[in-house]
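Worksheet for the structure shown next.
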Amino acid sequence: MSTTFNVPATIVTGAGASRELAPQLARLGARRVLFVTDAFMEKSGLAARFIRELKQGGIDVVLFAGVQPDPTDENVRAGLRAYVAGKCDAIVALGGGSSIDAAKSIAILTTNAEPLSQYQGYHQVPRAGAPLVVIPTTAGTGSEVTKVAVITDTARDVKMMMLDRHLLPTVALVDYELTLSMPPALTAHVGVDTLTHGIEAYVSRKATALTDPLALACIRLVAEHLETAWREPQNHAAREGMMLAATLGGMAFANSSVALVHGMSRPIGAVFHVPHGLSNAMLLPVVTRFSLPGAESRYAVVARTMKLCDAGIADADAARALISGLERLNTSLQIPRIREAHGVEQASFEKALSKMADDALASGSPANNPVVPTAGEIIRLYQEAW
Ligand SMILES: [Fe+2]
């Protein structure tokens with residue numbers, strides 16, 4: 001059986017990679033760009049630094065700093081209006097997964113009709129959009145190298161997952177120096193998200209010969225660097241390791257698909273606004289235990305790659321070591337349980353269970369899991385993770 005592998009045409013990595021912004025846009029022939037970011041990046045002065053560099057490089061900028069966490073279809077529409085009104089010819093995204101996903105969605109709507117919801121699912125986008133250069137500031141969602149965007153559909157209260165090669169950024173500038181100021185909690189959340197990408201890409205039913213090495217490299221880097229990056233924010237080696245892990249994990253999961261953790265995580269985000277990385281982290285140990293019987297030898301490889309057990313032990317023991325290793329990691333990074341998350345009441349959680357299970361299944365991700373769950377099993381897993 002053949003498989004397809006897509007990544008951005010250009011990926012620039014290493015310290016200072018983001019200084020390539022103006023030259024890369026010039027190479028693409030851009031003259032006037034929509035600069036997509038959020039209020040935090042605007043306030044921090046980082047957006048201004050890049051905008052200055054662009055103007056010095058002879059490129060006009062229209063700033064759109066209206067992306068909210070868990071970006072919505074309304075954010076995308078507002079960004080599109082700014083693009084059209086500003087007569088832009090390319091897009092830049094600066095920020096975490098929210099800004100990058102919003103920018104990808106704006107980019108495809110410059111050449112494809114609204115509404116965005118018609119592109120939900122797999123391979124639904126007919127035409128390539130505006131050229132897009134992305135600069136991630138977290139490590140990370142991996143969004144800088146994926147053909148995936150997740151946007152909340154405000155009418156249905158659903159996080160829409162769109163996967164299509166036309167959502168790929170044209171250029172990704174992966175500069176770990178931009179992550180040195182990430183606070184510890186964010187480092188932990190997006191770091192475990194990265195680990196989840198590596199693990200889910202590796203155990204996915206759609207894993208391929210090209211995604212396996214990327215997934216394992218991602219997992220190894222997270223095991224080596226996440227706790228150090230969390231404890232020592234200014235540790236360059238740890239930050240660089242996590243940035244590379246995020247990018248490798250992104251390349252892996254976008255081409256082999258995420259699975260049950262992500263499938264169950266999105267509805268928690270949509271209903272209770274728990275950040276994406278955090279809701280993944282809350283689910284990862286519980287869902288991994290459920291999924292073990294479907295891919296024991298693969299989970300054993302994950303445990304050995306993370307050095308959670310001796311290389312020579314049996315698969316069943318290695319897989320068990322993985323579960324306790326993931327639980328220990330959550331504890332040491334101070335990941336709360338769902339019941340401890342801000343704004344999640346037990347009664348409303350119980351009430352939402354059946355909608356969340358249905359939305360998880362409808363996303364398609366659980367079908368890639370080593371063990372494909374029923375709606376009832378998903379509800380029980382949510383309750384276990386509570
Ligand atoms: Fe993720």
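Each chain in the structure tokens gets a letter, A, B and so on, in the order shown; residues start at 1 in every chain, and ligands are counted from 1 in the order they appear.
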
* Distance filter 7 Å around ligand 1, atoms: only C-alpha atoms and all ligand atoms, out as a list in words ->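 Those residues are Thr141, Asp193, Thr194, Thr196, His197, His262, His276 and Gly277 of chain A.
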
* Per-residue DSSP, range 86-224 of chain A, filtered to alpha helix (DSSP H), as JSON, numbers by chain -> {"A": [97, 98, 99, 100, 101, 102, 103, 104, 105, 106, 107, 108, 109, 184, 185, 186, 187, 188, 189, 190, 191, 192, 193, 194, 195, 196, 197, 198, 199, 200, 201, 202, 203, 211, 212, 213, 214, 215, 216, 217, 218, 219, 220, 221, 222, 223, 224]}

* Shortest interatomic distance to Phe349 in chain A - which of A:Ala17, A:Ala185, A:Ala385, A:Cys88, counting only C-alpha atoms ->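 For Phe349 in chain A, the nearest of the candidates is A:Ala385.
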
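Within the 6 Å cut-off around range 106-120 of chain A, using only C-alpha atoms and omitting residues fewer than 6 positions from it on the same chain, the listed residues are Val76, Leu80, Gly129, Ala130, Met160, Met161 and Met162 of chain A.
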
The selected residues should be written to file as a PDB file, in the first residue's frame (atoms: all heavy atoms).
```pdb
ATOM      1  N   VAL A  76     -11.273  33.975  12.258  1.00  0.00           N
ATOM      2  CA  VAL A  76     -10.798  33.732  10.893  1.00  0.00           C
ATOM      3  C   VAL A  76     -11.464  34.705   9.922  1.00  0.00           C
ATOM      4  O   VAL A  76     -10.807  35.289   9.057  1.00  0.00           O
ATOM      5  CB  VAL A  76     -11.062  32.262  10.476  1.00  0.00           C
ATOM      6  CG1 VAL A  76     -10.739  32.045   9.001  1.00  0.00           C
ATOM      7  CG2 VAL A  76     -10.241  31.312  11.345  1.00  0.00           C
ATOM      8  N   LEU A  80      -9.673  37.475   7.605  1.00  0.00           N
ATOM      9  CA  LEU A  80      -9.864  37.480   6.154  1.00  0.00           C
ATOM     10  C   LEU A  80     -10.283  38.872   5.667  1.00  0.00           C
ATOM     11  O   LEU A  80      -9.787  39.361   4.647  1.00  0.00           O
ATOM     12  CB  LEU A  80     -10.919  36.433   5.760  1.00  0.00           C
ATOM     13  CG  LEU A  80     -11.228  36.344   4.272  1.00  0.00           C
ATOM     14  CD1 LEU A  80     -10.021  35.845   3.488  1.00  0.00           C
ATOM     15  CD2 LEU A  80     -12.446  35.427   4.031  1.00  0.00           C
ATOM     16  N   GLY A 129      -4.014  28.242  -0.922  1.00  0.00           N
ATOM     17  CA  GLY A 129      -4.310  29.603  -0.486  1.00  0.00           C
ATOM     18  C   GLY A 129      -3.129  30.534  -0.668  1.00  0.00           C
ATOM     19  O   GLY A 129      -2.185  30.238  -1.407  1.00  0.00           O
ATOM     20  N   ALA A 130      -3.189  31.683   0.033  1.00  0.00           N
ATOM     21  CA  ALA A 130      -2.103  32.663  -0.044  1.00  0.00           C
ATOM     22  C   ALA A 130      -0.829  32.069   0.564  1.00  0.00           C
ATOM     23  O   ALA A 130      -0.904  31.230   1.457  1.00  0.00           O
ATOM     24  CB  ALA A 130      -2.509  33.913   0.736  1.00  0.00           C
ATOM     25  N   MET A 160     -13.462  22.136  15.040  1.00  0.00           N
ATOM     26  CA  MET A 160     -13.372  21.508  13.710  1.00  0.00           C
ATOM     27  C   MET A 160     -11.919  21.162  13.423  1.00  0.00           C
ATOM     28  O   MET A 160     -11.041  22.018  13.495  1.00  0.00           O
ATOM     29  CB  MET A 160     -13.783  22.484  12.608  1.00  0.00           C
ATOM     30  CG  MET A 160     -15.203  22.898  12.594  1.00  0.00           C
ATOM     31  SD  MET A 160     -15.476  23.860  11.084  1.00  0.00           S
ATOM     32  CE  MET A 160     -14.739  25.426  11.531  1.00  0.00           C
ATOM     33  N   MET A 161     -11.664  19.917  13.030  1.00  0.00           N
ATOM     34  CA  MET A 161     -10.326  19.522  12.605  1.00  0.00           C
ATOM     35  C   MET A 161     -10.341  19.482  11.079  1.00  0.00           C
ATOM     36  O   MET A 161     -11.182  18.816  10.481  1.00  0.00           O
ATOM     37  CB  MET A 161      -9.992  18.146  13.178  1.00  0.00           C
ATOM     38  CG  MET A 161      -8.526  17.794  13.220  1.00  0.00           C
ATOM     39  SD  MET A 161      -7.859  17.176  11.682  1.00  0.00           S
ATOM     40  CE  MET A 161      -8.801  15.686  11.458  1.00  0.00           C
ATOM     41  N   MET A 162      -9.449  20.222  10.475  1.00  0.00           N
ATOM     42  CA  MET A 162      -9.321  20.191   9.011  1.00  0.00           C
ATOM     43  C   MET A 162      -7.931  19.671   8.677  1.00  0.00           C
ATOM     44  O   MET A 162      -6.947  20.118   9.266  1.00  0.00           O
ATOM     45  CB  MET A 162      -9.477  21.599   8.432  1.00  0.00           C
ATOM     46  CG  MET A 162     -10.836  22.214   8.674  1.00  0.00           C
ATOM     47  SD  MET A 162     -10.862  23.972   8.246  1.00  0.00           S
ATOM     48  CE  MET A 162     -10.045  24.679   9.659  1.00  0.00           C
TER      49      MET A 162
END
```

* Long-range neighbours of Pro366 in chain A as a PyMOL selection string, 12 Å cut-off, only C-alpha atoms, 3 positions minimum in chain -> chain A and resi 200+203-206+257-266+287+291+357-363+369-375+377-378

* To do: With a distance cut-off of 9 Å and only C-alpha atoms, select the neighbouring residues of Trp386 in chain A, excluding the residue or stretch itself and same-chain residues fewer than 4 positions from it, and output the selection as a PyMOL selection string.
  => chain A and resi 282+337-340+346+349+381-382

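Minimum distance to Ala65 in chain A across A:Leu226, A:Ile91, A:Ala39, A:Leu163 (counting only C-alpha atoms) occurs at A:Ala39.
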